[in-house]
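Okay, structure first, notes after.
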Amino acid sequence: MLAVAGHVARKEAYQILRDRRSLLLILVVPILLTFLFGKALETGELRQIPSVILNQDGSPESNVIITAFSTYDEVRIQGEVATRQEAQDLLAQGKIKAAIVIPQGFMRKIEAGEEAQLELLLDGTDNNSAPIVEGVAQRVIQRYNAERAVRGLWARGVRPDRGRRLIQPVFVQTEIRYNPGLQFLGYVMPGVIGLTLQLLTVMLMAVTLPRERERGTLDQLMATPITRTELILGKLLPYFGISLLNVVTILFVADRWFNIPVAGRLPLLLVLCALFVLSSLATGLLISTVSRSQFQAVQIAIFYILPVFLLSGAYAPIEAIPEYIRPISYLFPLMYFSRAVRAVTLRGAGLLLVWKDLAILGGFTLIFLYWAVLSFRKRVA
Amino acid sequence: MTLAIETISLTRRFGSVTAVSGLNLSVQSGEIFGFLGPNGAGKTTTIRMLCGLLLPSQGTARVAGLDVARHAEDVKRCVGYMPQRFSLYGDLTVEENLDFFAGVYRLAGQERRRRVTATLDRVGLADRRRVLTDHLSGGLKQRLALGCALVHSPTILFLDEPTAGADPPSRQRIWDLLYEAAADACTILVTTHYVEEAERCQTIGFMHQGRLVSSGSPEQCKAEMAEALLEVDAMPVMQAAAVARGLDGVTGVSIYGHTLRVFAKTTTHLRHQLQEALTAQAVAVKSIRAVPPTLEDVFMSLTRGASESEGVR
């Protein structure tokens with residue numbers, strides 16, 4: 001059985017190596033995709049949200065507030081506008097995401113002991129930016145309020161350090177254990193690696209049998225005593241080899257440009273990637289056996305690959321997905337892969353903590369391969 | 001003599017279309033059996049069933065003594081198949097293609113090397129062993145395809161139009177190879193549209209609209225032709241043909257250069273009628289004589305009406 005599978009594998013390898021243009025694509029695209037996806041999602045942490053100030057008060061106190069805003073990285077004060085209309089226009093044009101309005105009489109009200117207000121005009125279409133600006137404003141005002149209170153108490157003879165404790169007796173002590181910078185990239189990069197690996201492997205594998213069918217070569221092959229298992233295994237092997245090459249380059253990119261700690265955990269990561277790639281190849285083969293044409297195979301592959309990234313917890317935790325949809329997430333190997341890779345790269349987990357995910361990936365591979373063998377028909381009924 | 005291929009009421013339907021209908025076929029071991037018939041007659045479908053690529057809808061087929069419906073994979077081990085459409089890997093070299101198929105037919109190690117080399121020599125492609133198959137001419141591709149079908153020394157060879165589109169020397173080369181294989185006790189079932197190729201077969205079978213309408217040696221088939229035949233040498237030939245077609249009892253007229261071949265149920269009175277009708281139309285008649293049919297005549301006679309039903313596959 002293995003001898004014949006070997007002949008098929010060798011034949012496939014010759015064909016892959018002779019198709020120089022495709023080969024180049026196969027080897028370069030994963031590096032490019034990992035890099036681009038990574039870079040795009042790196043800025044997924046929102047910073048420098050464009051904002052303007054509308055200072056209708058022009059008082060020393062309003063200047064204190066403005067200065068306080070400018071110390072936060074999340075907002076970028078692009079300048080001041082003179083009227084509310086101007087601020088609204090800029091919002092409408094999408095040139096800014098927020099306008100911070102200090103209304104007239106701001107300082108007077110504070111001095112008089114009345115309730116003073118800081119107004120925010122926010123663009124709600126960008127549901128990520130708005131709450132961030134709001135949070136910054138809350139922190140600015142909280143600090144401002146505290147400072148004023150401390151100064152007030154001091155005037156009444158309470159020393160500032162004691163005054164601070166009176167005003168804010170409780171603090172939250174946070175210790176972030178893994179991913180200390182709370183970097184989104186650290187979370188999403190394993191998903192990106194998985195997505196890139198999967199995109200290529202599923203696509204490549206999905207078209208192999210329909211291509212032979214379209215070229216007529218499958219006809220000749222089906223007239224030989226080759227078994228389905230031999231054919232499926234033979235197709236799998238060379239693509240597995242190429243995919244391993246891609247695994248290495250992708251891990252290199254992740255380590256080099258995205259601070260994903262690969263170096264110390266290389267063996268475990270390689271095993272994880274290899275098993276994941278196998279499960280993806282098996283998925284592609286399954287698509288291959290049910291597709292009549294290359295076009296159809298690509299169609300099915302796209303319908304499979306597109307939802308994966310969002311539904312598998314690669315991009316956002318599956319807890320963010322409604323509970324009734326969540327069972328679908330468990331059907332994607334990418335879910336187990338990104339979960340395990342995150343555990344390894346962010347938490348330094350060892351084999352002991354990820355062996356279940358490894359086993360599940362192995363299980364997927366076997367089931368999909370077996371399914372592919374069963375759904376392939378050597379003979380037209 | 002034993003039967004290499006035997007079908008009983010073999011039938012294959014595709015949806016509402018019956019491609020092969022109640023086919024009874026017997027091919028003796030070691031003979032070259034020519035399978036004739038117009039396009040869409042069901043020849044390819046029959047071959048695909050005999051090779052175990054297609055399940056019969058009804059009836060049975062035994063190839064090398066094995067039921068193709070139940071033992072398709074065992075059948076595949078001992079038959080070679082050359083499909084109508086070129087089906088080798090264009091991006092592999094000549095030798096890689098042969099080596100691949102030898103491997104897939106489970107030839108191992110030294111034996112595989114030996115068979116590949118022998119086949120390369122046999123089909124005359126040894127000096128082109130490293131050429132990409134896509135770069136071969138049509139005739140050489142056909143020879144390579146035949147080589148791939150022969151590499152595992154099958155006992156039965158199925159060839160679906162192995163010489164389609166080939167020039168006469170290439171066809172001659174292919175037939176030399178077929179005789180060589182037959183001399184090695186290989187049974188050959190070959191489909192063709194070339195009547196002179198049919199003459200090279202020991203037995204021929206005519207298929208028409210899914211049925212076997214005639215079979216036997218070429219001589220038998222000619223002798224059993226249902227229609228009678230007149231050869232008419234007349235000028236102008238087109239006008240003569242028009243006159244002949246208008247006569248009662250004439251079932252078909254073919255033009256060959258300066259002569260007509262006129263088919264009819266019987267020629268008893270026809271020769272006279274034809275002479276009169278042609279003279280009446282001022283056609284110069286040189287001769288009218290009854291002639292024995294060629295295989296081409298038999299083909300035309302058997303498939304008469306095919307042109308009308310063409311496209312109703």
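Naming works like this for the structure tokens: A, B, ... for the chains as they're shown, residue 1 at the start of each chain, ligands 1 onward in shown order.
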Which residues of chain B come within 8 Å of chain A, and for each one, what is the closest pair of atoms and their distance in Å to one decimal, counting only C-alpha atoms, sorted by chain and residue number, as JSON lines?
```
{"residue": "B:Cys51", "atom": "CA", "partner": "A:Ala223", "partner_atom": "CA", "distance": 6.4}
{"residue": "B:Gly52", "atom": "CA", "partner": "A:Ala223", "partner_atom": "CA", "distance": 7.0}
{"residue": "B:Leu53", "atom": "CA", "partner": "A:Arg379", "partner_atom": "CA", "distance": 4.8}
{"residue": "B:Leu54", "atom": "CA", "partner": "A:Val380", "partner_atom": "CA", "distance": 4.9}
{"residue": "B:Leu55", "atom": "CA", "partner": "A:Ala381", "partner_atom": "CA", "distance": 5.1}
{"residue": "B:Pro56", "atom": "CA", "partner": "A:Ala381", "partner_atom": "CA", "distance": 7.8}
{"residue": "B:Glu73", "atom": "CA", "partner": "A:Pro225", "partner_atom": "CA", "distance": 5.4}
{"residue": "B:Asp74", "atom": "CA", "partner": "A:Pro225", "partner_atom": "CA", "distance": 7.3}
{"residue": "B:Lys76", "atom": "CA", "partner": "A:Pro225", "partner_atom": "CA", "distance": 5.4}
{"residue": "B:Arg77", "atom": "CA", "partner": "A:Pro225", "partner_atom": "CA", "distance": 5.6}
{"residue": "B:Gly80", "atom": "CA", "partner": "A:Ala223", "partner_atom": "CA", "distance": 7.8}
{"residue": "B:Tyr81", "atom": "CA", "partner": "A:Ala223", "partner_atom": "CA", "distance": 6.7}
{"residue": "B:Met82", "atom": "CA", "partner": "A:Gln220", "partner_atom": "CA", "distance": 7.4}
{"residue": "B:Pro83", "atom": "CA", "partner": "A:Gln220", "partner_atom": "CA", "distance": 7.0}
{"residue": "B:Arg85", "atom": "CA", "partner": "A:Gly216", "partner_atom": "CA", "distance": 7.1}
{"residue": "B:Phe86", "atom": "CA", "partner": "A:Gly216", "partner_atom": "CA", "distance": 7.3}
{"residue": "B:Ser87", "atom": "CA", "partner": "A:Thr217", "partner_atom": "CA", "distance": 4.4}
{"residue": "B:Leu88", "atom": "CA", "partner": "A:Thr217", "partner_atom": "CA", "distance": 5.6}
{"residue": "B:Tyr89", "atom": "CA", "partner": "A:Thr217", "partner_atom": "CA", "distance": 6.6}
{"residue": "B:Asp91", "atom": "CA", "partner": "A:Gln15", "partner_atom": "CA", "distance": 6.1}
{"residue": "B:Leu92", "atom": "CA", "partner": "A:Gln15", "partner_atom": "CA", "distance": 6.9}
{"residue": "B:Glu96", "atom": "CA", "partner": "A:Lys11", "partner_atom": "CA", "distance": 7.8}
{"residue": "B:Phe100", "atom": "CA", "partner": "A:His7", "partner_atom": "CA", "distance": 6.0}
{"residue": "B:Gly103", "atom": "CA", "partner": "A:His7", "partner_atom": "CA", "distance": 6.1}
{"residue": "B:Val104", "atom": "CA", "partner": "A:Val4", "partner_atom": "CA", "distance": 5.4}
{"residue": "B:Tyr105", "atom": "CA", "partner": "A:Pro225", "partner_atom": "CA", "distance": 6.3}
{"residue": "B:Arg106", "atom": "CA", "partner": "A:Val4", "partner_atom": "CA", "distance": 6.8}
```
Requested in this report: Determine which residues of range 153-283 of chain B DSSP labels as strand (DSSP E) from the backbone of this structure, then write them out as a PyMOL selection string.
Outcome: chain B and resi 156-160+187-191+203-208+211-216+228-235+250-256+259-264
Report task. Quote the spacing between CA of Pro261 in chain A and CA of Leu346 in chain A in Å to one decimal place. Result ->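 Computing the Euclidean distance for CA of Pro261 in chain A and CA of Leu346 in chain A yields 8.0 Å.
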**Report entry** All residues 12 Å or closer to Arg256 in chain A, only C-alpha atoms, same chain fewer than 4 positions away omitted, as a list in words
**Finding:**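 Surrounding residues, per the criterion: Ile31, Thr34, Phe35, Gly38, Thr249, Ile250, Leu251, Phe252, Ile260, Pro261, Val262 and Ala263 of chain A.
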Report task. Please provide the set of residues having any atom within 10 Å of Pro327 in chain A, restricted to only C-alpha atoms, with same-chain residues fewer than 6 positions apart removed, written as a PyMOL selection string. Result -> chain A and resi 311+318+321
Requested in this report: Name the residues in contact with Gly246 in chain B at a cut-off of 12 Å, using only C-alpha atoms, excluding same-chain residues fewer than 3 positions from it; report them as a list in words.
Outcome: Gln239, Ala240, Ala241, Ala242, Val243, Gly249, Val250, Thr251, Gly252, Val253, Val262, Gln273, Leu274, Ala277 and Leu278 of chain B
